[in-house]
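Student: Below you'll find work39.cif; it's mmCIF, C-alpha atoms.
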data_run
loop_
_atom_site.label_atom_id
_atom_site.label_comp_id
_atom_site.auth_asym_id
_atom_site.auth_seq_id
_atom_site.Cartn_x
_atom_site.Cartn_y
_atom_site.Cartn_z
CA MET A 1 -71.72 -27.96 -34.41
CA GLU A 2 -70.17 -24.48 -34.15
CA GLU A 3 -66.59 -24.40 -35.43
CA GLU A 4 -64.08 -23.37 -32.75
CA LYS A 5 -62.15 -20.18 -33.58
CA VAL A 6 -58.34 -20.51 -33.69
CA LYS A 7 -56.89 -17.94 -31.25
CA SER A 8 -53.72 -16.00 -31.78
CA ALA A 9 -50.89 -16.06 -29.21
CA LEU A 10 -51.77 -12.49 -28.29
CA GLU A 11 -55.37 -13.37 -27.67
CA LEU A 12 -54.35 -16.31 -25.51
CA ALA A 13 -51.97 -14.11 -23.52
CA MET A 14 -54.62 -11.40 -23.06
CA GLU A 15 -57.10 -14.02 -21.89
CA LYS A 16 -54.63 -15.23 -19.29
CA ILE A 17 -53.78 -11.82 -17.89
CA SER A 18 -57.39 -10.64 -17.88
CA GLY A 19 -57.87 -12.83 -14.84
CA LEU A 20 -55.05 -11.15 -12.94
CA PRO A 21 -55.78 -8.27 -10.56
CA GLN A 22 -54.95 -4.73 -11.84
CA LEU A 23 -51.85 -3.00 -10.46
CA THR A 24 -52.52 -0.26 -7.93
CA PRO A 25 -51.14 3.24 -8.64
CA GLU A 26 -48.53 2.65 -5.93
CA GLU A 27 -47.42 -0.59 -7.58
CA ILE A 28 -47.19 1.14 -10.95
CA ALA A 29 -45.11 3.91 -9.37
CA ALA A 30 -42.83 1.37 -7.69
CA GLN A 31 -42.39 -0.46 -10.98
CA LYS A 32 -41.40 2.77 -12.74
CA GLU A 33 -39.02 3.59 -9.92
CA ARG A 34 -37.38 0.18 -10.32
CA GLU A 35 -37.14 0.72 -14.05
CA PHE A 36 -35.81 4.28 -14.19
CA ARG A 37 -33.85 4.78 -10.94
CA PRO A 38 -30.88 2.66 -12.09
CA ILE A 39 -30.65 4.84 -15.20
CA GLY A 40 -30.13 7.91 -13.01
CA GLU A 41 -27.65 6.09 -10.80
CA THR A 42 -25.67 4.99 -13.84
CA LEU A 43 -25.62 8.55 -15.21
CA CYS A 44 -24.28 9.76 -11.86
CA LYS A 45 -21.61 7.05 -11.85
CA LYS A 46 -20.53 7.91 -15.39
CA TYR A 47 -20.31 11.59 -14.48
CA LEU A 48 -18.29 10.98 -11.30
CA GLU A 49 -15.93 8.64 -13.12
CA GLY A 50 -15.32 11.32 -15.74
CA ALA A 51 -16.99 9.39 -18.55
CA MET A 52 -19.52 12.20 -18.93
CA THR A 53 -19.17 15.96 -18.53
CA GLY A 54 -21.41 18.18 -16.40
CA GLU A 55 -22.72 19.79 -19.59
CA ALA A 56 -23.78 16.40 -20.94
CA LEU A 57 -25.84 15.55 -17.84
CA PRO A 58 -28.85 17.84 -18.59
CA ALA A 59 -28.87 16.64 -22.21
CA GLU A 60 -29.00 13.02 -21.02
CA LEU A 61 -31.79 13.83 -18.58
CA ALA A 62 -33.77 15.56 -21.34
CA ARG A 63 -34.15 12.19 -23.04
CA TYR A 64 -36.62 11.18 -20.33
CA GLU A 65 -39.94 13.03 -20.06
CA GLY A 66 -42.79 13.03 -17.57
CA GLU A 67 -42.63 10.71 -14.59
CA PRO A 68 -39.63 8.71 -15.89
CA GLY A 69 -37.73 11.99 -16.33
CA ARG A 70 -38.52 13.01 -12.75
CA ILE A 71 -37.36 9.62 -11.43
CA VAL A 72 -34.09 9.71 -13.39
CA ARG A 73 -33.35 13.28 -12.31
CA ARG A 74 -34.12 12.51 -8.66
CA ALA A 75 -31.87 9.45 -8.79
CA VAL A 76 -29.04 11.52 -10.28
CA ILE A 77 -29.36 14.19 -7.58
CA GLN A 78 -29.67 11.69 -4.74
CA SER A 79 -26.68 9.70 -5.96
CA LEU A 80 -24.61 12.85 -6.33
CA CYS A 81 -25.56 13.98 -2.82
CA ARG A 82 -24.70 10.58 -1.38
CA SER A 83 -21.29 10.65 -3.02
CA ILE A 84 -20.31 13.85 -1.19
CA GLY A 85 -17.83 12.76 1.46
CA LEU A 86 -15.03 14.19 3.57
CA GLU A 87 -12.10 12.20 2.27
CA ASP A 88 -11.99 13.36 -1.33
CA ALA A 89 -12.55 17.11 -1.61
CA ARG A 90 -12.19 17.08 -5.39
CA ALA A 91 -14.85 14.38 -5.79
CA ALA A 92 -17.19 16.23 -3.39
CA ILE A 93 -16.85 19.49 -5.36
CA ALA A 94 -17.36 17.57 -8.61
CA ALA A 95 -20.54 16.02 -7.21
CA LEU A 96 -21.84 19.43 -6.25
CA ALA A 97 -20.96 20.80 -9.69
CA GLY A 98 -22.99 17.93 -11.15
CA ILE A 99 -26.01 18.97 -9.09
CA VAL A 100 -25.54 22.56 -10.28
CA SER A 101 -25.51 21.45 -13.90
CA VAL A 102 -28.74 19.49 -13.37
CA ARG A 103 -30.45 22.25 -11.37
CA SER A 104 -29.11 25.45 -12.90
CA ASP A 105 -32.37 27.13 -11.80
CA ARG A 106 -31.21 26.73 -8.18
CA ALA A 107 -27.78 28.19 -8.78
CA ARG A 108 -27.86 30.61 -5.88
CA PHE A 109 -28.96 28.03 -3.33
CA LEU A 110 -26.37 25.59 -4.63
CA GLU A 111 -23.68 28.25 -4.54
CA GLU A 112 -24.32 28.74 -0.83
CA ALA A 113 -24.32 24.99 -0.28
CA GLY A 114 -21.01 24.79 -2.14
CA GLU A 115 -19.48 27.41 0.11
CA ASN A 116 -20.63 25.47 3.16
CA LEU A 117 -19.28 22.24 1.73
CA GLU A 118 -15.89 23.76 1.01
CA LYS A 119 -15.82 25.19 4.53
CA ILE A 120 -16.57 21.81 6.14
CA ILE A 121 -14.01 19.98 4.00
CA HIS A 122 -11.38 22.67 4.52
CA GLN A 123 -11.84 22.58 8.31
CA PHE A 124 -11.71 18.78 8.30
CA GLU A 125 -8.54 18.73 6.18
CA GLN A 126 -6.91 21.38 8.35
CA GLU A 127 -7.68 19.59 11.60
CA LYS A 128 -6.56 16.29 10.10
CA ARG A 129 -3.30 17.84 8.87
CA GLU A 130 -2.52 19.56 12.18
CA LYS A 131 -3.29 16.50 14.27
CA SER A 132 -1.45 14.15 11.93
CA LEU A 133 1.66 16.32 12.29
CA ALA A 134 1.35 16.11 16.06
CA PHE A 135 0.90 12.34 15.84
CA ALA A 136 3.87 12.01 13.50
CA ILE A 137 6.04 13.79 16.10
CA LEU A 138 4.67 11.47 18.78
CA ALA A 139 5.28 8.40 16.60
CA ARG A 140 8.85 9.59 15.95
CA ARG A 141 9.42 9.94 19.71
CA GLN A 142 8.07 6.44 20.27
CA LEU A 143 10.45 5.10 17.64
CA GLU A 144 13.32 7.05 19.21
CA SER A 145 12.54 5.52 22.59
CA LEU A 146 12.90 2.10 20.97
CA GLY A 147 16.20 3.17 19.41
CA ILE A 148 15.05 3.84 15.84
CA SER A 149 15.74 7.35 14.58
CA GLY A 150 17.30 9.43 11.83
CA SER A 151 16.43 11.18 8.60
CA ALA A 152 15.69 7.85 6.85
CA VAL A 153 12.81 7.15 9.21
CA GLU A 154 9.26 8.15 8.38
CA PRO A 155 6.53 6.70 10.64
CA ASN A 156 3.56 5.34 8.68
CA LEU A 157 0.52 6.74 10.45
CA ASP A 158 -1.83 4.59 8.40
CA GLU A 159 -0.74 1.64 10.53
CA ASN A 160 -0.75 3.59 13.79
CA ALA A 161 -3.74 2.42 15.83
CA GLU A 162 -3.84 5.55 18.01
CA TRP A 163 -3.86 7.82 14.95
CA LEU A 164 -6.54 5.76 13.21
CA GLU A 165 -8.70 6.08 16.33
CA GLU A 166 -8.13 9.84 16.41
CA LEU A 167 -8.84 10.15 12.69
CA ALA A 168 -12.15 8.30 13.11
CA ALA A 169 -13.10 10.72 15.89
CA ILE A 170 -12.20 13.77 13.74
CA ARG A 171 -14.19 12.34 10.84
CA GLN A 172 -17.16 11.67 13.09
CA SER A 173 -17.17 15.24 14.38
CA TYR A 174 -17.54 16.59 10.81
CA GLU A 175 -19.83 13.87 9.54
CA SER A 176 -22.94 15.27 11.25
CA SER A 177 -22.41 18.73 9.65
CA LEU A 178 -21.92 17.07 6.31
CA GLU A 179 -25.07 14.97 6.74
CA GLN A 180 -27.08 18.12 7.49
CA LEU A 181 -25.67 19.70 4.35
CA ARG A 182 -26.55 16.62 2.27
CA GLU A 183 -30.14 16.77 3.59
CA ARG A 184 -30.42 20.51 2.82
CA LEU A 185 -29.02 19.87 -0.63
CA LEU A 186 -31.56 17.13 -1.28
CA GLU A 187 -34.44 19.30 -0.07
CA GLY A 188 -33.30 22.25 -2.16
CA ALA A 189 -32.30 20.43 -5.31
CA LEU A 190 -35.11 17.92 -5.71
CA MET B 191 4.38 -22.58 15.98
CA ARG B 192 7.16 -24.54 14.32
CA ARG B 193 7.00 -25.10 10.61
CA PRO B 194 8.01 -28.39 8.97
CA GLY B 195 11.29 -29.33 7.34
CA ILE B 196 13.76 -27.24 9.31
CA LEU B 197 17.30 -26.97 7.98
CA LYS B 198 20.33 -25.59 9.68
CA SER B 199 21.55 -22.33 8.23
CA HIS B 200 25.12 -21.25 7.91
CA ALA B 201 25.64 -18.50 10.45
CA MET B 202 28.63 -16.25 10.80
CA LYS B 203 29.58 -13.20 12.74
CA ILE B 204 30.61 -10.48 10.30
CA VAL B 205 31.77 -7.70 12.59
CA ASP B 206 30.79 -6.42 16.05
CA ASN B 207 27.16 -7.40 16.58
CA LEU B 208 26.36 -8.01 12.91
CA TYR B 209 25.58 -11.61 12.01
CA ALA B 210 24.92 -13.25 8.67
CA TYR B 211 22.58 -16.22 8.16
CA VAL B 212 23.34 -17.67 4.78
CA TRP B 213 20.58 -19.70 3.19
CA ARG B 214 21.66 -23.26 2.45
CA GLY B 215 18.33 -24.82 1.48
CA ASN B 216 17.31 -26.33 -1.83
CA ASP B 217 14.69 -23.73 -2.62
CA ASN B 218 15.26 -20.08 -3.35
CA ASN B 219 15.44 -17.94 -0.22
CA CYS B 220 17.50 -14.97 0.82
CA ASN B 221 20.39 -14.47 3.19
CA SER B 222 19.40 -12.67 6.36
CA TYR B 223 21.46 -10.27 8.44
CA VAL B 224 21.01 -9.41 12.10
CA PHE B 225 22.18 -6.53 14.25
CA ALA B 226 22.04 -8.30 17.60
CA GLY B 227 20.69 -6.35 20.56
CA ALA B 228 20.77 -3.12 18.57
CA LEU B 229 17.61 -1.56 19.95
CA ASN B 230 17.22 0.10 23.35
CA ASP B 231 15.32 -2.81 24.89
CA GLY B 232 17.98 -5.26 23.70
CA SER B 233 15.85 -6.56 20.85
CA HIS B 234 17.37 -7.31 17.46
CA VAL B 235 17.16 -5.83 14.02
CA VAL B 236 16.68 -8.34 11.22
CA ILE B 237 17.35 -7.42 7.63
CA ASP B 238 15.37 -9.52 5.13
CA PRO B 239 14.01 -12.47 7.14
CA GLY B 240 13.11 -14.26 3.89
CA HIS B 241 10.37 -16.79 3.32
CA LEU B 242 8.25 -18.10 6.15
CA VAL B 243 8.23 -21.43 4.31
CA THR B 244 9.73 -21.81 0.85
CA PRO B 245 7.18 -22.31 -1.90
CA TYR B 246 8.34 -25.53 -3.59
CA TYR B 247 10.15 -27.74 -1.09
CA GLN B 248 8.32 -26.31 1.91
CA GLU B 249 11.55 -25.65 3.77
CA SER B 250 11.27 -23.56 6.89
CA GLY B 251 12.68 -20.13 6.32
CA LEU B 252 11.86 -18.21 9.45
CA ASP B 253 12.48 -21.11 11.85
CA ARG B 254 15.83 -21.68 10.18
CA LEU B 255 16.69 -18.10 10.89
CA THR B 256 15.43 -17.94 14.49
CA ASP B 257 17.03 -21.30 15.35
CA GLY B 258 20.31 -20.02 13.97
CA MET B 259 19.97 -16.87 16.02
CA ASP B 260 19.17 -18.89 19.14
CA ARG B 261 22.33 -20.97 18.59
CA ASP B 262 24.32 -17.75 18.45
CA GLY B 263 22.78 -16.63 21.73
CA ILE B 264 20.54 -14.09 20.02
CA ALA B 265 16.96 -14.77 21.08
CA GLY B 266 15.11 -15.35 17.84
CA SER B 267 11.86 -14.44 19.54
CA SER B 268 13.14 -10.98 20.40
CA VAL B 269 13.09 -9.17 17.08
CA GLY B 270 12.13 -5.51 17.43
CA LEU B 271 12.61 -4.24 13.91
CA VAL B 272 12.61 -5.85 10.48
CA ILE B 273 14.22 -3.90 7.66
CA LEU B 274 13.25 -5.06 4.20
CA THR B 275 15.56 -4.24 1.32
CA HIS B 276 12.60 -4.82 -0.97
CA ALA B 277 9.20 -6.48 -1.11
CA HIS B 278 9.81 -9.75 -2.91
CA PRO B 279 8.43 -12.74 -0.98
CA ASP B 280 11.84 -14.46 -0.72
CA HIS B 281 12.96 -11.46 1.35
CA CYS B 282 9.87 -10.20 3.11
CA GLU B 283 7.32 -12.97 3.64
CA ALA B 284 8.51 -13.88 7.16
CA ALA B 285 8.27 -10.22 8.18
CA ILE B 286 4.50 -10.61 8.22
CA ALA B 287 4.77 -13.36 10.84
CA LEU B 288 7.41 -11.45 12.84
CA ARG B 289 5.08 -8.45 12.99
CA GLU B 290 2.05 -10.51 13.95
CA GLU B 291 3.71 -12.94 16.37
CA ASN B 292 6.60 -10.89 17.79
CA ARG B 293 5.13 -7.39 17.38
CA ALA B 294 8.22 -6.42 15.41
CA LEU B 295 8.03 -3.18 13.46
CA VAL B 296 8.52 -3.43 9.72
CA ALA B 297 10.46 -0.84 7.71
CA LEU B 298 10.32 -0.62 3.92
CA HIS B 299 10.64 2.00 1.18
CA GLU B 300 7.26 3.44 0.25
CA ALA B 301 7.70 2.57 -3.43
CA ASP B 302 7.56 -1.15 -2.58
CA GLU B 303 4.61 -0.89 -0.21
CA ALA B 304 1.96 -1.84 -2.77
CA SER B 305 3.77 -5.13 -3.57
CA TYR B 306 4.15 -5.87 0.13
CA ARG B 307 0.48 -5.19 0.78
CA MET B 308 -0.43 -7.68 -1.94
CA LEU B 309 1.32 -10.32 0.18
CA GLY B 310 -0.65 -9.19 3.24
CA GLY B 311 2.17 -7.12 4.75
CA LYS B 312 1.87 -3.90 6.72
CA VAL B 313 4.54 -1.23 6.98
CA ASP B 314 5.19 0.66 10.23
CA VAL B 315 8.13 2.76 9.09
CA TYR B 316 8.87 4.09 5.63
CA LEU B 317 12.57 4.06 4.85
CA LYS B 318 13.91 6.78 2.63
CA GLU B 319 17.41 7.78 1.65
CA GLY B 320 19.13 9.17 4.73
CA ILE B 321 20.56 8.24 8.09
CA LEU B 322 19.16 5.43 10.21
CA GLU B 323 20.33 5.38 13.82
CA LEU B 324 19.86 2.19 15.81
CA GLY B 325 20.07 2.22 19.60
CA ALA B 326 20.93 5.00 21.97
CA GLN B 327 23.96 3.87 23.96
CA LYS B 328 25.89 1.73 21.48
CA ARG B 329 24.57 3.69 18.56
CA ILE B 330 24.89 2.20 15.09
CA THR B 331 24.72 4.79 12.36
CA LEU B 332 23.64 3.43 9.02
CA GLN B 333 23.17 5.13 5.70
CA ILE B 334 20.09 4.05 3.79
CA TYR B 335 20.41 4.35 0.01
CA HIS B 336 17.47 4.17 -2.31
CA SER B 337 18.81 1.73 -4.91
CA PRO B 338 15.99 1.05 -7.39
CA GLY B 339 16.24 -1.27 -10.35
CA HIS B 340 15.48 -4.72 -9.01
CA THR B 341 12.31 -3.20 -7.53
CA PRO B 342 11.21 0.46 -7.45
CA GLY B 343 11.65 0.71 -3.69
CA HIS B 344 14.81 -1.32 -3.21
CA VAL B 345 17.14 0.02 -0.51
CA THR B 346 20.70 -0.84 0.40
CA ILE B 347 22.16 -0.34 3.86
CA TYR B 348 25.65 1.00 4.40
CA TRP B 349 27.49 0.98 7.71
CA PRO B 350 30.30 3.50 7.19
CA LEU B 351 32.08 2.77 10.47
CA ARG B 352 32.68 -0.86 9.52
CA LYS B 353 32.50 -0.38 5.74
CA VAL B 354 29.70 -2.88 5.40
CA LEU B 355 27.18 -2.76 2.56
CA ILE B 356 24.04 -4.87 2.83
CA ALA B 357 23.12 -4.95 -0.83
CA GLY B 358 19.87 -6.95 -0.99
CA ASP B 359 19.28 -8.00 -4.59
CA CYS B 360 21.10 -5.07 -6.12
CA ILE B 361 24.43 -6.80 -6.56
CA PHE B 362 25.74 -10.35 -6.12
CA TYR B 363 28.99 -12.15 -6.60
CA ARG B 364 29.73 -11.64 -10.33
CA SER B 365 26.10 -10.82 -10.97
CA THR B 366 23.24 -8.40 -10.38
CA GLY B 367 19.59 -8.54 -9.41
CA ARG B 368 17.04 -9.37 -12.09
CA THR B 369 15.15 -6.55 -13.71
CA ASP B 370 12.48 -8.60 -15.48
CA PHE B 371 10.03 -8.66 -12.58
CA PRO B 372 7.22 -6.08 -12.43
CA GLY B 373 8.71 -2.70 -11.51
CA GLY B 374 12.22 -3.75 -12.47
CA ASP B 375 14.33 -1.30 -14.46
CA ALA B 376 17.76 -2.08 -15.86
CA ARG B 377 18.83 1.56 -16.28
CA SER B 378 17.96 2.34 -12.64
CA LEU B 379 19.81 -0.75 -11.46
CA ARG B 380 22.89 0.29 -13.37
CA GLU B 381 22.75 3.77 -11.83
CA SER B 382 22.24 2.28 -8.36
CA ILE B 383 25.25 -0.01 -8.79
CA ASP B 384 27.36 2.86 -10.15
CA ALA B 385 26.55 4.90 -7.04
CA LEU B 386 27.29 2.02 -4.65
CA SER B 387 30.61 1.29 -6.37
CA GLU B 388 31.87 4.66 -5.10
CA LEU B 389 31.60 3.53 -1.47
CA GLU B 390 34.47 2.16 0.56
CA ILE B 391 33.34 -1.40 1.25
CA GLU B 392 35.13 -4.04 3.26
CA TYR B 393 32.16 -6.45 3.52
CA LEU B 394 29.66 -6.77 0.71
CA LEU B 395 26.68 -8.71 2.04
CA CYS B 396 24.41 -9.89 -0.76
CA GLY B 397 20.81 -11.00 -0.67
CA HIS B 398 21.55 -14.47 -2.04
CA ALA B 399 24.26 -17.09 -1.99
CA TYR B 400 24.62 -17.11 -5.76
CA GLY B 401 28.03 -18.34 -6.85
CA ASN B 402 29.48 -17.90 -3.39
CA PRO B 403 27.86 -17.55 0.05
CA GLY B 404 26.91 -14.01 -0.91
CA ILE B 405 29.47 -12.50 1.41
CA ILE B 406 32.43 -10.88 -0.29
CA LYS B 407 35.24 -9.72 1.97
CA GLY B 408 38.10 -7.37 1.31
CA GLU B 409 38.11 -4.03 -0.45
CA GLU B 410 40.05 -5.30 -3.47
CA ASN B 411 37.78 -8.32 -3.99
CA ILE B 412 34.77 -6.05 -3.83
CA ARG B 413 36.26 -3.53 -6.26
CA ASP B 414 37.03 -6.45 -8.56
CA ASN B 415 33.42 -7.61 -8.30
CA PHE B 416 32.16 -4.15 -9.22
CA ARG B 417 34.63 -4.00 -12.13
CA TYR B 418 33.45 -7.37 -13.39
CA ILE B 419 29.82 -6.29 -13.26
CA LYS B 420 30.52 -2.93 -14.91
CA ASN B 421 32.33 -4.73 -17.74
CA PHE B 422 29.28 -6.87 -18.06
CA PHE B 423 27.15 -3.72 -18.30
CA GLY B 424 29.53 -2.40 -20.91
CA ALA B 425 28.86 -5.49 -22.98
CA GLY B 426 25.19 -4.49 -22.98
CA ALA B 427 24.06 -7.16 -20.53
CA LEU B 428 21.52 -4.88 -18.89
#
Any chance you could put this one into structure tokens?
Tutor:
Amino acid sequence: MEEEKVKSALELAMEKISGLPQLTPEEIAAQKEREFRPIGETLCKKYLEGAMTGEALPAELARYEGEPGRIVRRAVIQSLCRSIGLEDARAAIAALAGIVSVRSDRARFLEEAGENLEKIIHQFEQEKREKSLAFAILARRQLESLGISGSAVEPNLDENAEWLEELAAIRQSYESSLEQLRERLLEGAL
Amino acid sequence: MRRPGILKSHAMKIVDNLYAYVWRGNDNNCNSYVFAGALNDGSHVVIDPGHLVTPYYQESGLDRLTDGMDRDGIAGSSVGLVILTHAHPDHCEAAIALREENRALVALHEADEASYRMLGGKVDVYLKEGILELGAQKRITLQIYHSPGHTPGHVTIYWPLRKVLIAGDCIFYRSTGRTDFPGGDARSLRESIDALSELEIEYLLCGHAYGNPGIIKGEENIRDNFRYIKNFFGAGAL
């Protein structure tokens, strides 16, 4: 009788997986995406929270080569683009500066995008400021009509339904321009 | 909707259309003050409506107040403005219900807004140091003082014409507001009290009935109360 060979754990495991179907290239790509995308998103988060400087971003990205490197970089750029919003001009400029530090080879394109971004945010802020002043005057008049007035009184527009409606409309009117800019940035920076 | 365990409050007319509702329950709650019919539509201005329901004995705070107002012929359902001296729940909790149920506006100093928000409150009007005019025809001119110390955004309300000071939890009979809560500051409280002691006051209306109903009448009694408290400060109490 032939003596049965004792198999190692590795051999047993290899035997088991040999019966499984091979992953397709798409599945392998998706797996890598799942593995490396969160790394890029975390780098972006750290940068935006100030835990990492713009100069440190390229050095961090350099730790990943080949396909993983491309995935991490893409995730960083996409996350930075997504974080560009109207409400926080400083954060939007910081996000753009982050993209510049990752894609210094596209400096000119990004410079133009930055100018456009500043223009959109500036116009939004200006319109918001002007209209909020007008609403504050209106709110004061409404309070006066109720019999509440004087230098101690400052209407809180954040609880004023009419102003919040107006603010949403102002935001909406700039959001489409900003979305176009985000798309152009993604196309140009990726 | 009525809340359980209603108690009668001790109401008194201070001067003109200013009423005091002194808390007489077992739990801690504040005194409330009302300028009756002060707004243009005849609605009332309530200062510090207190607890909706007190936390331990579940005594009705707001119903106590509105029932008292009703007994005085001041419709408790017709409150147009709530002024909060500060954002501690024993002063401001019922303001949330008055805003939601009676559509009353709520006024508070901005520095106390974060605390008020934590309780679920919303502020319609920020109060800052300056003049507050109530009503158009029978105008009441009040001076709002920023009096921090008990809280960062504590205000006191002075009515120069009648020499009335609504002091919230800045000063009490023979005592002062606590400064050991978050945002409290003994030095600021001392400075606030020093500034208020310069006013001519005939009626000192305190936020709590500690030691007496919380209503001190007469200029000399009030000066004496300030002197007592300042001596206390001098002894390093704050």
Student: Rank B:Leu229, B:Val354, B:Pro342, B:Glu392 by their smallest atom-to-atom distance to Arg377 of chain B, using only C-alpha atoms, and report the top residue only.
Tutor: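 Once distances to Arg377 of chain B are computed over only C-alpha atoms, the minimum belongs to B:Pro342.
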Student: Which residues would end up in the selection if the PyMOL selection byres ((chain B) within 8 of (chain A)) were applied here, given that I need the answer as a list in words?
Tutor: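 In the shown coordinates, the PyMOL selection byres ((chain B) within 8 of (chain A)) covers Ala228, Leu229, Asn230, Asp231, Lys312, Val313, Asp314, Val315, Tyr316, Leu317, Lys318, Glu319, Gly320, Ile321, Leu322, Glu323, Leu324, Gly325, Ala326 and Ile334 of chain B.
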Student: Starting from the point (17.3, -8.0, 6.9), work out which residues of protein, DNA or RNA have an atom no more than 7 Å away when counting only C-alpha atoms; state them as a list in words.
Tutor: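 Within the cut-off we find Ser222, Tyr223, Val224, Val236, Ile237, Asp238, Pro239, Val272, Ile273, Leu274 and Thr275 of chain B.
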Student: Mind checking which residues fall within 7 Å of Leu48 of chain A, counting only C-alpha atoms, ignoring those fewer than 3 positions away in the same chain, and posting them as an MDAnalysis selection string?
Tutor: chainID A and resid 44:45 95
Student: Using only C-alpha atoms, which residues sit within 8 Å of segment 69-86 of chain A once same-chain residues fewer than 4 positions away are excluded, as number ranges by chain?
Tutor: A: 33, 36-41, 43-44, 61-65, 91-93, 95-96, 98-99, 102, 121, 124, 171, 175, 178, 182, 185-186, 189-190
Student: Export, as an mmCIF file, in the coordinates of the input, the selected residues with C-alpha atoms.
Tutor:
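Writing the result to selection33.cif gives the following:
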data_model
loop_
_atom_site.group_PDB
_atom_site.id
_atom_site.type_symbol
_atom_site.label_atom_id
_atom_site.label_comp_id
_atom_site.auth_asym_id
_atom_site.auth_seq_id
_atom_site.Cartn_x
_atom_site.Cartn_y
_atom_site.Cartn_z
ATOM 1 C CA GLU A 33 -39.020 3.590 -9.920
ATOM 2 C CA PHE A 36 -35.810 4.280 -14.190
ATOM 3 C CA ARG A 37 -33.850 4.780 -10.940
ATOM 4 C CA PRO A 38 -30.880 2.660 -12.090
ATOM 5 C CA ILE A 39 -30.650 4.840 -15.200
ATOM 6 C CA GLY A 40 -30.130 7.910 -13.010
ATOM 7 C CA GLU A 41 -27.650 6.090 -10.800
ATOM 8 C CA LEU A 43 -25.620 8.550 -15.210
ATOM 9 C CA CYS A 44 -24.280 9.760 -11.860
ATOM 10 C CA LEU A 61 -31.790 13.830 -18.580
ATOM 11 C CA ALA A 62 -33.770 15.560 -21.340
ATOM 12 C CA ARG A 63 -34.150 12.190 -23.040
ATOM 13 C CA TYR A 64 -36.620 11.180 -20.330
ATOM 14 C CA GLU A 65 -39.940 13.030 -20.060
ATOM 15 C CA ALA A 91 -14.850 14.380 -5.790
ATOM 16 C CA ALA A 92 -17.190 16.230 -3.390
ATOM 17 C CA ILE A 93 -16.850 19.490 -5.360
ATOM 18 C CA ALA A 95 -20.540 16.020 -7.210
ATOM 19 C CA LEU A 96 -21.840 19.430 -6.250
ATOM 20 C CA GLY A 98 -22.990 17.930 -11.150
ATOM 21 C CA ILE A 99 -26.010 18.970 -9.090
ATOM 22 C CA VAL A 102 -28.740 19.490 -13.370
ATOM 23 C CA ILE A 121 -14.010 19.980 4.000
ATOM 24 C CA PHE A 124 -11.710 18.780 8.300
ATOM 25 C CA ARG A 171 -14.190 12.340 10.840
ATOM 26 C CA GLU A 175 -19.830 13.870 9.540
ATOM 27 C CA LEU A 178 -21.920 17.070 6.310
ATOM 28 C CA ARG A 182 -26.550 16.620 2.270
ATOM 29 C CA LEU A 185 -29.020 19.870 -0.630
ATOM 30 C CA LEU A 186 -31.560 17.130 -1.280
ATOM 31 C CA ALA A 189 -32.300 20.430 -5.310
ATOM 32 C CA LEU A 190 -35.110 17.920 -5.710
#
Student: To one decimal place in Å, what is the distance between atom CA of Ala29 of chain A and atom CA of Glu187 of chain A?
Tutor: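 Separating atom CA of Ala29 of chain A from atom CA of Glu187 of chain A is a distance of 20.9 Å.
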Student: Translate the PyMOL selection byres ((chain B and resi 203-216) around 10), as applied to the file shown, into an explicit residue set as a PyMOL selection string.
Tutor: chain B and resi 196-202+217-228+234-237+239-240+244+246-251+254-256+258-259+262+264+330+352+354+393+395-399+403-405+407
Student: Written as a ChimeraX atom specification, what is the full residue list that the PyMOL selection byres ((chain B and resi 380) around 12) yields on the file shown?
Tutor: /B:337-340,360-361,365-369,374-379,381-387,416,419-424,426-428
Student: Rounded to one decimal, what separation in Å do you get between atom CA of Asp253 of chain B and atom CA of Ala301 of chain B?
Tutor: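 Rounded to one decimal, the two atoms are 28.6 Å apart.
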